[in-house]
$ cat upload.csv   # CSV, N, CA and C atoms and all ligand atoms
chain,number,residue,atom,x,y,z
C,1,MET,N,0.9,-1.2,0.0
C,1,MET,CA,0.0,0.0,0.0
C,1,MET,C,0.9,1.2,0.0
C,2,GLN,N,0.6,2.1,-1.0
C,2,GLN,CA,1.4,3.3,-1.0
C,2,GLN,C,1.0,4.3,0.1
C,3,LYS,N,1.9,5.2,0.4
C,3,LYS,CA,1.5,6.2,1.4
C,3,LYS,C,0.5,7.1,0.8
C,4,THR,N,-0.7,7.2,1.6
C,4,THR,CA,-1.8,8.0,1.0
C,4,THR,C,-2.1,9.2,1.8
C,5,SER,N,-1.5,9.4,3.0
C,5,SER,CA,-1.9,10.4,3.9
C,5,SER,C,-0.7,11.1,4.6
C,6,ASP,N,-0.9,12.4,4.8
C,6,ASP,CA,0.1,13.2,5.5
C,6,ASP,C,-0.2,13.3,7.0
C,7,VAL,N,-1.4,12.8,7.4
C,7,VAL,CA,-1.7,12.7,8.8
C,7,VAL,C,-1.3,11.3,9.2
C,8,ILE,N,-0.2,11.3,10.0
C,8,ILE,CA,0.5,10.0,10.2
C,8,ILE,C,-0.3,9.0,10.9
C,9,TRP,N,-1.0,9.3,12.0
C,9,TRP,CA,-1.8,8.3,12.7
C,9,TRP,C,-2.8,7.7,11.7
C,10,GLN,N,-3.4,8.5,10.9
C,10,GLN,CA,-4.5,8.1,10.0
C,10,GLN,C,-3.9,7.1,9.0
C,11,ASP,N,-2.8,7.4,8.4
C,11,ASP,CA,-2.1,6.5,7.4
C,11,ASP,C,-1.7,5.2,8.0
C,12,THR,N,-1.1,5.3,9.2
C,12,THR,CA,-0.6,4.0,9.9
C,12,THR,C,-1.8,3.1,10.2
C,13,GLN,N,-2.9,3.7,10.7
C,13,GLN,CA,-4.1,2.9,11.0
C,13,GLN,C,-4.7,2.3,9.7
C,14,HIS,N,-4.7,3.0,8.6
C,14,HIS,CA,-5.3,2.5,7.4
C,14,HIS,C,-4.5,1.3,7.0
C,15,GLN,N,-3.2,1.4,7.1
C,15,GLN,CA,-2.3,0.2,6.7
C,15,GLN,C,-2.6,-1.0,7.5
C,16,GLN,N,-2.8,-0.7,8.8
C,16,GLN,CA,-3.1,-1.9,9.7
C,16,GLN,C,-4.5,-2.5,9.3
C,17,LEU,N,-5.4,-1.6,9.0
C,17,LEU,CA,-6.7,-2.2,8.5
C,17,LEU,C,-6.6,-3.0,7.3
C,18,PHE,N,-5.8,-2.5,6.3
C,18,PHE,CA,-5.6,-3.3,5.1
C,18,PHE,C,-4.9,-4.7,5.4
C,19,ARG,N,-4.0,-4.7,6.4
C,19,ARG,CA,-3.3,-5.9,6.8
C,19,ARG,C,-4.3,-6.9,7.3
C,20,LEU,N,-5.2,-6.4,8.2
C,20,LEU,CA,-6.2,-7.3,8.8
C,20,LEU,C,-7.2,-7.8,7.8
C,21,ILE,N,-7.6,-7.0,6.9
C,21,ILE,CA,-8.5,-7.4,5.8
C,21,ILE,C,-7.9,-8.5,4.9
C,22,ASP,N,-6.6,-8.4,4.7
C,22,ASP,CA,-5.9,-9.4,3.9
C,22,ASP,C,-5.8,-10.7,4.7
C,23,GLN,N,-5.7,-10.6,6.0
C,23,GLN,CA,-5.6,-11.9,6.8
C,23,GLN,C,-6.8,-12.7,6.7
C,24,ILE,N,-8.0,-12.1,6.5
C,24,ILE,CA,-9.3,-12.8,6.5
C,24,ILE,C,-9.2,-13.9,5.4
C,25,LYS,N,-8.5,-13.6,4.3
C,25,LYS,CA,-8.6,-14.6,3.2
C,25,LYS,C,-7.5,-15.7,3.3
C,26,GLU,N,-6.6,-15.6,4.3
C,26,GLU,CA,-5.6,-16.6,4.4
C,26,GLU,C,-6.2,-18.0,4.7
C,27,CYS,N,-5.5,-19.1,4.2
C,27,CYS,CA,-6.2,-20.4,4.3
C,27,CYS,C,-6.5,-20.9,5.7
C,28,ASN,N,-5.4,-20.9,6.6
C,28,ASN,CA,-5.8,-21.4,7.9
C,28,ASN,C,-5.9,-20.2,8.9
C,29,VAL,N,-6.9,-19.3,8.5
C,29,VAL,CA,-7.1,-18.1,9.3
C,29,VAL,C,-7.6,-18.4,10.7
C,30,ASP,N,-7.1,-17.7,11.7
C,30,ASP,CA,-7.6,-17.8,13.0
C,30,ASP,C,-8.9,-17.0,13.1
C,31,SER,N,-9.9,-17.5,13.6
C,31,SER,CA,-11.2,-16.8,13.5
C,31,SER,C,-11.2,-15.5,14.4
C,32,SER,N,-10.2,-15.3,15.3
C,32,SER,CA,-10.1,-14.1,16.0
C,32,SER,C,-9.7,-12.9,15.2
C,33,VAL,N,-9.3,-13.1,13.9
C,33,VAL,CA,-9.0,-12.0,13.1
C,33,VAL,C,-10.2,-11.2,12.8
C,34,PHE,N,-11.4,-11.8,12.8
C,34,PHE,CA,-12.7,-11.0,12.6
C,34,PHE,C,-12.9,-10.1,13.7
C,35,LYS,N,-12.6,-10.6,14.9
C,35,LYS,CA,-12.8,-9.7,16.1
C,35,LYS,C,-11.7,-8.6,16.1
C,36,LYS,N,-10.5,-8.9,15.8
C,36,LYS,CA,-9.5,-7.9,15.7
C,36,LYS,C,-9.8,-6.8,14.7
C,37,LEU,N,-10.3,-7.2,13.5
C,37,LEU,CA,-10.6,-6.3,12.5
C,37,LEU,C,-11.8,-5.4,13.0
C,38,ASN,N,-12.8,-6.0,13.6
C,38,ASN,CA,-13.9,-5.3,14.1
C,38,ASN,C,-13.5,-4.2,15.1
C,39,ASP,N,-12.7,-4.7,16.1
C,39,ASP,CA,-12.2,-3.8,17.2
C,39,ASP,C,-11.3,-2.7,16.6
C,40,TYR,N,-10.4,-3.0,15.7
C,40,TYR,CA,-9.5,-2.0,15.2
C,40,TYR,C,-10.2,-1.0,14.4
C,41,ALA,N,-11.2,-1.5,13.5
C,41,ALA,CA,-11.9,-0.5,12.7
C,41,ALA,C,-12.7,0.4,13.6
C,42,GLU,N,-13.3,-0.1,14.7
C,42,GLU,CA,-14.1,0.7,15.6
C,42,GLU,C,-13.1,1.8,16.2
C,43,TYR,N,-12.0,1.4,16.7
C,43,TYR,CA,-11.0,2.3,17.3
C,43,TYR,C,-10.6,3.4,16.3
C,44,HIS,N,-10.4,3.0,15.0
C,44,HIS,CA,-10.0,4.0,14.0
C,44,HIS,C,-11.2,4.9,13.6
C,45,PHE,N,-12.4,4.4,13.5
C,45,PHE,CA,-13.5,5.2,13.1
C,45,PHE,C,-13.8,6.2,14.3
C,46,MET,N,-13.7,5.7,15.5
C,46,MET,CA,-14.0,6.6,16.7
C,46,MET,C,-13.0,7.8,16.7
C,47,LEU,N,-11.8,7.5,16.4
C,47,LEU,CA,-10.7,8.5,16.4
C,47,LEU,C,-11.0,9.6,15.3
C,48,GLU,N,-11.3,9.1,14.1
C,48,GLU,CA,-11.7,10.1,13.0
C,48,GLU,C,-12.9,10.9,13.4
C,49,GLU,N,-13.9,10.2,14.0
C,49,GLU,CA,-15.1,10.9,14.4
C,49,GLU,C,-14.9,11.9,15.5
C,50,GLN,N,-13.9,11.6,16.4
C,50,GLN,CA,-13.6,12.6,17.4
C,50,GLN,C,-12.9,13.8,16.8
C,51,TYR,N,-12.0,13.6,15.9
C,51,TYR,CA,-11.4,14.7,15.2
C,51,TYR,C,-12.5,15.6,14.5
C,52,MET,N,-13.4,14.9,13.8
C,52,MET,CA,-14.5,15.6,13.1
C,52,MET,C,-15.3,16.5,14.0
C,53,GLU,N,-15.6,15.9,15.2
C,53,GLU,CA,-16.4,16.7,16.2
C,53,GLU,C,-15.6,17.9,16.7
C,54,THR,N,-14.4,17.6,17.1
C,54,THR,CA,-13.5,18.6,17.7
C,54,THR,C,-13.3,19.8,16.7
C,55,LEU,N,-13.1,19.4,15.5
C,55,LEU,CA,-12.8,20.5,14.4
C,55,LEU,C,-14.1,21.0,13.8
C,56,GLU,N,-15.2,20.5,14.2
C,56,GLU,CA,-16.5,20.9,13.6
C,56,GLU,C,-16.4,20.7,12.1
C,57,TYR,N,-16.0,19.6,11.6
C,57,TYR,CA,-15.8,19.3,10.2
C,57,TYR,C,-17.2,19.3,9.5
C,58,PRO,N,-17.4,20.1,8.5
C,58,PRO,CA,-18.7,20.3,7.9
C,58,PRO,C,-19.4,19.0,7.4
C,59,ASP,N,-18.5,18.0,6.8
C,59,ASP,CA,-19.1,16.8,6.2
C,59,ASP,C,-19.2,15.6,7.2
C,60,ARG,N,-19.2,15.9,8.5
C,60,ARG,CA,-19.1,14.8,9.5
C,60,ARG,C,-20.2,13.8,9.4
C,61,ASP,N,-21.5,14.3,9.2
C,61,ASP,CA,-22.6,13.4,9.1
C,61,ASP,C,-22.5,12.4,8.0
C,62,THR,N,-22.1,12.8,6.8
C,62,THR,CA,-21.9,11.9,5.7
C,62,THR,C,-20.8,10.9,6.0
C,63,HIS,N,-19.7,11.5,6.5
C,63,HIS,CA,-18.6,10.6,6.8
C,63,HIS,C,-18.9,9.5,7.8
C,64,LYS,N,-19.6,10.0,8.9
C,64,LYS,CA,-20.0,9.0,9.9
C,64,LYS,C,-20.9,8.0,9.4
C,65,ALA,N,-21.8,8.4,8.5
C,65,ALA,CA,-22.8,7.4,7.9
C,65,ALA,C,-22.0,6.3,7.1
C,66,ALA,N,-20.9,6.7,6.4
C,66,ALA,CA,-20.1,5.8,5.7
C,66,ALA,C,-19.5,4.8,6.6
C,67,HIS,N,-19.0,5.3,7.8
C,67,HIS,CA,-18.4,4.4,8.8
C,67,HIS,C,-19.5,3.5,9.3
C,68,ASP,N,-20.7,4.0,9.5
C,68,ASP,CA,-21.7,3.1,10.1
C,68,ASP,C,-22.1,2.0,9.1
C,69,LYS,N,-22.0,2.2,7.8
C,69,LYS,CA,-22.3,1.2,6.9
C,69,LYS,C,-21.2,0.1,7.0
C,70,PHE,N,-20.0,0.5,7.1
C,70,PHE,CA,-18.9,-0.4,7.3
C,70,PHE,C,-19.0,-1.2,8.6
C,71,ARG,N,-19.4,-0.5,9.7
C,71,ARG,CA,-19.6,-1.1,11.0
C,71,ARG,C,-20.6,-2.3,10.9
C,72,ARG,N,-21.7,-2.0,10.1
C,72,ARG,CA,-22.8,-3.0,10.0
C,72,ARG,C,-22.2,-4.2,9.2
C,73,GLU,N,-21.4,-4.0,8.2
C,73,GLU,CA,-20.8,-5.1,7.4
C,73,GLU,C,-20.0,-6.0,8.4
C,74,LEU,N,-19.2,-5.3,9.1
C,74,LEU,CA,-18.2,-6.0,10.0
C,74,LEU,C,-19.0,-6.7,11.1
C,75,ALA,N,-20.0,-6.2,11.6
C,75,ALA,CA,-20.8,-6.8,12.7
C,75,ALA,C,-21.4,-8.1,12.2
C,76,THR,N,-21.9,-8.1,11.0
C,76,THR,CA,-22.5,-9.3,10.4
C,76,THR,C,-21.4,-10.3,10.2
C,77,MET,N,-20.3,-9.9,9.7
C,77,MET,CA,-19.2,-10.9,9.6
C,77,MET,C,-18.7,-11.5,10.9
C,78,LEU,N,-18.7,-10.7,11.9
C,78,LEU,CA,-18.3,-11.1,13.2
C,78,LEU,C,-19.3,-12.2,13.7
C,79,GLU,N,-20.6,-12.0,13.4
C,79,GLU,CA,-21.6,-12.9,13.9
C,79,GLU,C,-21.6,-14.2,13.1
C,80,GLU,N,-21.3,-14.1,11.8
C,80,GLU,CA,-21.5,-15.3,10.9
C,80,GLU,C,-20.2,-16.0,10.4
C,81,HIS,N,-19.1,-15.4,10.8
C,81,HIS,CA,-17.8,-15.9,10.2
C,81,HIS,C,-17.6,-17.4,10.3
C,82,GLU,N,-18.1,-18.0,11.4
C,82,GLU,CA,-17.8,-19.5,11.6
C,82,GLU,C,-18.5,-20.3,10.5
C,83,THR,N,-19.4,-19.8,9.8
C,83,THR,CA,-20.1,-20.5,8.7
C,83,THR,C,-19.4,-20.3,7.3
C,84,TYR,N,-18.4,-19.4,7.3
C,84,TYR,CA,-17.8,-19.1,6.0
C,84,TYR,C,-16.8,-20.1,5.5
C,85,ASP,N,-16.8,-20.4,4.2
C,85,ASP,CA,-15.7,-21.2,3.6
C,85,ASP,C,-14.7,-20.3,3.0
C,86,GLU,N,-13.7,-20.9,2.5
C,86,GLU,CA,-12.5,-20.1,2.0
C,86,GLU,C,-13.0,-19.1,0.8
C,87,ASP,N,-13.8,-19.6,-0.1
C,87,ASP,CA,-14.2,-18.8,-1.2
C,87,ASP,C,-14.9,-17.5,-0.7
C,88,LEU,N,-15.8,-17.7,0.3
C,88,LEU,CA,-16.5,-16.6,0.8
C,88,LEU,C,-15.6,-15.6,1.5
C,89,ARG,N,-14.6,-16.1,2.3
C,89,ARG,CA,-13.7,-15.2,2.9
C,89,ARG,C,-12.9,-14.4,1.9
C,90,GLN,N,-12.5,-15.1,0.8
C,90,GLN,CA,-11.8,-14.4,-0.2
C,90,GLN,C,-12.6,-13.3,-0.8
C,91,SER,N,-13.9,-13.5,-1.1
C,91,SER,CA,-14.6,-12.5,-1.7
C,91,SER,C,-15.0,-11.4,-0.7
C,92,LEU,N,-15.2,-11.7,0.5
C,92,LEU,CA,-15.4,-10.7,1.5
C,92,LEU,C,-14.2,-9.8,1.7
C,93,SER,N,-13.0,-10.4,1.7
C,93,SER,CA,-11.8,-9.7,1.9
C,93,SER,C,-11.6,-8.7,0.7
C,94,LEU,N,-11.9,-9.2,-0.5
C,94,LEU,CA,-11.8,-8.3,-1.6
C,94,LEU,C,-12.8,-7.1,-1.6
C,95,PHE,N,-14.0,-7.5,-1.2
C,95,PHE,CA,-15.1,-6.4,-1.0
C,95,PHE,C,-14.6,-5.4,0.0
C,96,LEU,N,-14.1,-5.8,1.2
C,96,LEU,CA,-13.7,-4.9,2.2
C,96,LEU,C,-12.5,-4.0,1.7
C,97,ARG,N,-11.6,-4.7,1.0
C,97,ARG,CA,-10.4,-3.9,0.5
C,97,ARG,C,-10.8,-2.8,-0.4
C,98,GLU,N,-11.7,-3.2,-1.4
C,98,GLU,CA,-12.2,-2.2,-2.3
C,98,GLU,C,-12.9,-1.0,-1.6
C,99,TRP,N,-13.8,-1.4,-0.7
C,99,TRP,CA,-14.6,-0.4,0.0
C,99,TRP,C,-13.6,0.5,0.8
C,100,LEU,N,-12.7,0.0,1.5
C,100,LEU,CA,-11.8,0.8,2.3
C,100,LEU,C,-10.9,1.7,1.4
C,101,LYS,N,-10.4,1.1,0.3
C,101,LYS,CA,-9.6,1.9,-0.7
C,101,LYS,C,-10.4,3.1,-1.1
C,102,ARG,N,-11.6,2.9,-1.6
C,102,ARG,CA,-12.4,4.0,-2.0
C,102,ARG,C,-12.6,5.1,-0.9
C,103,HIS,N,-12.9,4.6,0.3
C,103,HIS,CA,-13.1,5.5,1.4
C,103,HIS,C,-11.9,6.3,1.7
C,104,VAL,N,-10.7,5.6,1.8
C,104,VAL,CA,-9.4,6.2,2.1
C,104,VAL,C,-9.1,7.3,1.1
C,105,LEU,N,-9.3,7.0,-0.2
C,105,LEU,CA,-8.9,7.9,-1.3
C,105,LEU,C,-9.9,9.0,-1.5
C,106,GLY,N,-11.1,8.8,-1.1
C,106,GLY,CA,-12.1,9.9,-1.3
C,106,GLY,C,-12.4,10.6,0.0
C,107,THR,N,-13.4,10.0,0.8
C,107,THR,CA,-13.9,10.5,2.0
C,107,THR,C,-12.8,10.9,3.0
C,108,ASP,N,-11.9,10.0,3.3
C,108,ASP,CA,-10.8,10.2,4.3
C,108,ASP,C,-9.8,11.3,3.8
C,109,LYS,N,-9.6,11.3,2.5
C,109,LYS,CA,-8.6,12.3,1.9
C,109,LYS,C,-9.1,13.7,2.2
C,110,LYS,N,-10.4,13.9,2.1
C,110,LYS,CA,-11.0,15.2,2.3
C,110,LYS,C,-10.8,15.6,3.8
C,111,LEU,N,-11.1,14.7,4.7
C,111,LEU,CA,-10.9,14.9,6.1
C,111,LEU,C,-9.4,15.2,6.4
C,112,GLU,N,-8.5,14.4,5.8
C,112,GLU,CA,-7.1,14.6,6.0
C,112,GLU,C,-6.7,16.1,5.6
C,113,ARG,N,-7.2,16.6,4.5
C,113,ARG,CA,-6.8,17.9,4.1
C,113,ARG,C,-7.3,18.9,5.1
C,114,PHE,N,-8.5,18.7,5.6
C,114,PHE,CA,-9.1,19.6,6.6
C,114,PHE,C,-8.3,19.5,7.9
C,115,ILE,N,-7.9,18.4,8.3
C,115,ILE,CA,-7.0,18.2,9.5
C,115,ILE,C,-5.7,19.0,9.3
C,116,MET,N,-5.1,18.8,8.1
C,116,MET,CA,-3.8,19.4,7.8
C,116,MET,C,-3.9,21.0,7.9
C,117,GLU,N,-5.1,21.5,7.5
C,117,GLU,CA,-5.2,22.9,7.5
C,117,GLU,C,-5.6,23.5,8.9
C,118,SER,N,-5.9,22.6,9.8
C,118,SER,CA,-6.3,23.0,11.2
C,118,SER,C,-5.0,23.0,12.0
C,119,SER,N,-5.2,23.4,13.3
C,119,SER,CA,-4.0,23.4,14.2
C,119,SER,C,-3.9,22.1,14.9
C,120,VAL,N,-4.9,21.3,14.9
C,120,VAL,CA,-4.9,20.0,15.6
C,120,VAL,C,-4.5,18.9,14.7
C,121,LYS,N,-3.4,18.2,15.0
C,121,LYS,CA,-2.9,17.1,14.1
C,121,LYS,C,-2.7,15.9,15.0
A,201,FE,FE,-13.2,7.6,7.6
A,202,FE,FE,-10.0,6.2,7.9
$ encode --input "upload.csv" --output "structure tokens" --more "lines below"
Ligand SMILES: [Fe+2]
Ligand SMILES: [Fe+2]
Amino acid sequence: MQKTSDVIWQDTQHQQLFRLIDQIKECNVDSSVFKKLNDYAEYHFMLEEQYMETLEYPDRDTHKAAHDKFRRELATMLEEHETYDEDLRQSLSLFLREWLKRHVLGTDKKLERFIMESSVK
């Protein structure tokens, strides 16, 4: 994954999210990876949302709604992962990776610029 952000914590956390998403499709995956991904995504989304609140970011409702959609996907996976076979894990991993890539390059990029222009980093 190329460096996509100048806000260091945000970039580091995105890379960790991509790593966890990739682990989902590994053959002898430990099922705890779904819990780790869910927890880490929550930690990351909360932090972005705290920044948005603190900085009174104008697009925060739309951005939070996008996080909520991702939260719902992850919650379902956490509930149902024990029934998944390898094919399904592969396609879910791909789906999450595409979703996150779009979010990072679009929605998060706008927030990143806003954070860079503010005094809080
Ligand atoms: Fe975000
Ligand atoms: Fe993000």
$ residues_near_ligand --input "upload.csv" --ligand "ligand FE 201 (chain A)" --cutoff "10 Å" --atoms "only C-alpha atoms and all ligand atoms" --output "PDB file with N, CA and C atoms, in the coordinates of the input"
ATOM      1  N   GLN C  10      -3.400   8.500  10.900  1.00  0.00           N
ATOM      2  CA  GLN C  10      -4.500   8.100  10.000  1.00  0.00           C
ATOM      3  C   GLN C  10      -3.900   7.100   9.000  1.00  0.00           C
ATOM      4  N   HIS C  14      -4.700   3.000   8.600  1.00  0.00           N
ATOM      5  CA  HIS C  14      -5.300   2.500   7.400  1.00  0.00           C
ATOM      6  C   HIS C  14      -4.500   1.300   7.000  1.00  0.00           C
ATOM      7  N   ALA C  41     -11.200  -1.500  13.500  1.00  0.00           N
ATOM      8  CA  ALA C  41     -11.900  -0.500  12.700  1.00  0.00           C
ATOM      9  C   ALA C  41     -12.700   0.400  13.600  1.00  0.00           C
ATOM     10  N   HIS C  44     -10.400   3.000  15.000  1.00  0.00           N
ATOM     11  CA  HIS C  44     -10.000   4.000  14.000  1.00  0.00           C
ATOM     12  C   HIS C  44     -11.200   4.900  13.600  1.00  0.00           C
ATOM     13  N   PHE C  45     -12.400   4.400  13.500  1.00  0.00           N
ATOM     14  CA  PHE C  45     -13.500   5.200  13.100  1.00  0.00           C
ATOM     15  C   PHE C  45     -13.800   6.200  14.300  1.00  0.00           C
ATOM     16  N   MET C  46     -13.700   5.700  15.500  1.00  0.00           N
ATOM     17  CA  MET C  46     -14.000   6.600  16.700  1.00  0.00           C
ATOM     18  C   MET C  46     -13.000   7.800  16.700  1.00  0.00           C
ATOM     19  N   LEU C  47     -11.800   7.500  16.400  1.00  0.00           N
ATOM     20  CA  LEU C  47     -10.700   8.500  16.400  1.00  0.00           C
ATOM     21  C   LEU C  47     -11.000   9.600  15.300  1.00  0.00           C
ATOM     22  N   GLU C  48     -11.300   9.100  14.100  1.00  0.00           N
ATOM     23  CA  GLU C  48     -11.700  10.100  13.000  1.00  0.00           C
ATOM     24  C   GLU C  48     -12.900  10.900  13.400  1.00  0.00           C
ATOM     25  N   GLU C  49     -13.900  10.200  14.000  1.00  0.00           N
ATOM     26  CA  GLU C  49     -15.100  10.900  14.400  1.00  0.00           C
ATOM     27  C   GLU C  49     -14.900  11.900  15.500  1.00  0.00           C
ATOM     28  N   MET C  52     -13.400  14.900  13.800  1.00  0.00           N
ATOM     29  CA  MET C  52     -14.500  15.600  13.100  1.00  0.00           C
ATOM     30  C   MET C  52     -15.300  16.500  14.000  1.00  0.00           C
ATOM     31  N   ARG C  60     -19.200  15.900   8.500  1.00  0.00           N
ATOM     32  CA  ARG C  60     -19.100  14.800   9.500  1.00  0.00           C
ATOM     33  C   ARG C  60     -20.200  13.800   9.400  1.00  0.00           C
ATOM     34  N   THR C  62     -22.100  12.800   6.800  1.00  0.00           N
ATOM     35  CA  THR C  62     -21.900  11.900   5.700  1.00  0.00           C
ATOM     36  C   THR C  62     -20.800  10.900   6.000  1.00  0.00           C
ATOM     37  N   HIS C  63     -19.700  11.500   6.500  1.00  0.00           N
ATOM     38  CA  HIS C  63     -18.600  10.600   6.800  1.00  0.00           C
ATOM     39  C   HIS C  63     -18.900   9.500   7.800  1.00  0.00           C
ATOM     40  N   LYS C  64     -19.600  10.000   8.900  1.00  0.00           N
ATOM     41  CA  LYS C  64     -20.000   9.000   9.900  1.00  0.00           C
ATOM     42  C   LYS C  64     -20.900   8.000   9.400  1.00  0.00           C
ATOM     43  N   ALA C  65     -21.800   8.400   8.500  1.00  0.00           N
ATOM     44  CA  ALA C  65     -22.800   7.400   7.900  1.00  0.00           C
ATOM     45  C   ALA C  65     -22.000   6.300   7.100  1.00  0.00           C
ATOM     46  N   ALA C  66     -20.900   6.700   6.400  1.00  0.00           N
ATOM     47  CA  ALA C  66     -20.100   5.800   5.700  1.00  0.00           C
ATOM     48  C   ALA C  66     -19.500   4.800   6.600  1.00  0.00           C
ATOM     49  N   HIS C  67     -19.000   5.300   7.800  1.00  0.00           N
ATOM     50  CA  HIS C  67     -18.400   4.400   8.800  1.00  0.00           C
ATOM     51  C   HIS C  67     -19.500   3.500   9.300  1.00  0.00           C
ATOM     52  N   ASP C  68     -20.700   4.000   9.500  1.00  0.00           N
ATOM     53  CA  ASP C  68     -21.700   3.100  10.100  1.00  0.00           C
ATOM     54  C   ASP C  68     -22.100   2.000   9.100  1.00  0.00           C
ATOM     55  N   PHE C  70     -20.000   0.500   7.100  1.00  0.00           N
ATOM     56  CA  PHE C  70     -18.900  -0.400   7.300  1.00  0.00           C
ATOM     57  C   PHE C  70     -19.000  -1.200   8.600  1.00  0.00           C
ATOM     58  N   LEU C 100     -12.700   0.000   1.500  1.00  0.00           N
ATOM     59  CA  LEU C 100     -11.800   0.800   2.300  1.00  0.00           C
ATOM     60  C   LEU C 100     -10.900   1.700   1.400  1.00  0.00           C
ATOM     61  N   HIS C 103     -12.900   4.600   0.300  1.00  0.00           N
ATOM     62  CA  HIS C 103     -13.100   5.500   1.400  1.00  0.00           C
ATOM     63  C   HIS C 103     -11.900   6.300   1.700  1.00  0.00           C
ATOM     64  N   VAL C 104     -10.700   5.600   1.800  1.00  0.00           N
ATOM     65  CA  VAL C 104      -9.400   6.200   2.100  1.00  0.00           C
ATOM     66  C   VAL C 104      -9.100   7.300   1.100  1.00  0.00           C
ATOM     67  N   LEU C 105      -9.300   7.000  -0.200  1.00  0.00           N
ATOM     68  CA  LEU C 105      -8.900   7.900  -1.300  1.00  0.00           C
ATOM     69  C   LEU C 105      -9.900   9.000  -1.500  1.00  0.00           C
ATOM     70  N   GLY C 106     -11.100   8.800  -1.100  1.00  0.00           N
ATOM     71  CA  GLY C 106     -12.100   9.900  -1.300  1.00  0.00           C
ATOM     72  C   GLY C 106     -12.400  10.600   0.000  1.00  0.00           C
ATOM     73  N   THR C 107     -13.400  10.000   0.800  1.00  0.00           N
ATOM     74  CA  THR C 107     -13.900  10.500   2.000  1.00  0.00           C
ATOM     75  C   THR C 107     -12.800  10.900   3.000  1.00  0.00           C
ATOM     76  N   ASP C 108     -11.900  10.000   3.300  1.00  0.00           N
ATOM     77  CA  ASP C 108     -10.800  10.200   4.300  1.00  0.00           C
ATOM     78  C   ASP C 108      -9.800  11.300   3.800  1.00  0.00           C
ATOM     79  N   LYS C 109      -9.600  11.300   2.500  1.00  0.00           N
ATOM     80  CA  LYS C 109      -8.600  12.300   1.900  1.00  0.00           C
ATOM     81  C   LYS C 109      -9.100  13.700   2.200  1.00  0.00           C
ATOM     82  N   LYS C 110     -10.400  13.900   2.100  1.00  0.00           N
ATOM     83  CA  LYS C 110     -11.000  15.200   2.300  1.00  0.00           C
ATOM     84  C   LYS C 110     -10.800  15.600   3.800  1.00  0.00           C
ATOM     85  N   LEU C 111     -11.100  14.700   4.700  1.00  0.00           N
ATOM     86  CA  LEU C 111     -10.900  14.900   6.100  1.00  0.00           C
ATOM     87  C   LEU C 111      -9.400  15.200   6.400  1.00  0.00           C
ATOM     88  N   GLU C 112      -8.500  14.400   5.800  1.00  0.00           N
ATOM     89  CA  GLU C 112      -7.100  14.600   6.000  1.00  0.00           C
ATOM     90  C   GLU C 112      -6.700  16.100   5.600  1.00  0.00           C
TER      91      GLU C 112
END
$ atom_distance --input "upload.csv" --atom1 "atom C of Tyr51 of chain C" --atom2 "atom N of Phe114 of chain C"
10.2 Å
$ residues_around --input "upload.csv" --residues "Leu17 of chain C" --least-positions-apart "6" --cutoff "8 Å" --atoms "only N, CA and C atoms" --output "PyMOL selection string"
chain C and resi 11+23+37+40-41+97
$ residues_around --input "upload.csv" --residues "Ile24 of chain C" --least-positions-apart "4" --cutoff "6 Å" --atoms "only N, CA and C atoms" --output "CSV table (one decimal) with N, CA and C atoms, in the frame of the given file"
chain,number,residue,atom,x,y,z
C,20,LEU,N,-5.2,-6.4,8.2
C,20,LEU,CA,-6.2,-7.3,8.8
C,20,LEU,C,-7.2,-7.8,7.8
C,89,ARG,N,-14.6,-16.1,2.3
C,89,ARG,CA,-13.7,-15.2,2.9
C,89,ARG,C,-12.9,-14.4,1.9
C,90,GLN,N,-12.5,-15.1,0.8
C,90,GLN,CA,-11.8,-14.4,-0.2
C,90,GLN,C,-12.6,-13.3,-0.8
$ closest_residue --input "upload.csv" --among "C:His81, C:Leu55, C:Glu42, C:Asp22" --to "Leu96 of chain C" --atoms "only C-alpha atoms"
C:Asp22
$ closest_residue --input "upload.csv" --among "C:Ile8, C:Val33, C:Leu92, C:Leu78" --to "ligand FE 202 (chain A)" --atoms "only C-alpha atoms and all ligand atoms"
C:Ile8
$ atom_distance --input "upload.csv" --atom1 "atom CA of Glu26 of chain C" --atom2 "atom FE of ligand FE 202 (chain A)"
23.5 Å
$ atom_distance --input "upload.csv" --atom1 "atom CA of Arg72 of chain C" --atom2 "atom C of Thr54 of chain C"
25.6 Å
$ closest_residue --input "upload.csv" --among "C:Gln50, C:Tyr84, C:Trp9, C:Glu73" --to "Trp99 of chain C" --atoms "only C-alpha atoms"
C:Glu73
$ select_by_dssp --input "upload.csv" --residues "segment 23-62 of chain C" --states "alpha helix (DSSP H)" --output "list in words"
Gln23, Ser32, Val33, Phe34, Lys35, Lys36, Leu37, Asn38, Asp39, Tyr40, Ala41, Glu42, Tyr43, His44, Phe45, Met46, Leu47, Glu48, Glu49, Gln50, Tyr51, Met52, Glu53, Thr54, Arg60, Asp61 and Thr62 of chain C
$ closest_residue --input "upload.csv" --among "C:Tyr43, C:Ser31, C:Asp85, C:Tyr57" --to "ligand FE 202 (chain A)" --atoms "only C-alpha atoms and all ligand atoms"
C:Tyr43
$ closest_residue --input "upload.csv" --among "C:Val29, C:Met116, C:Lys69, C:Lys101" --to "ligand FE 202 (chain A)" --atoms "only C-alpha atoms and all ligand atoms"
C:Lys101
$ closest_residue --input "upload.csv" --among "C:Thr83, C:Ser119, C:Gln13, C:Ser93" --to "ligand FE 202 (chain A)" --atoms "all atoms listed in the file"
C:Gln13
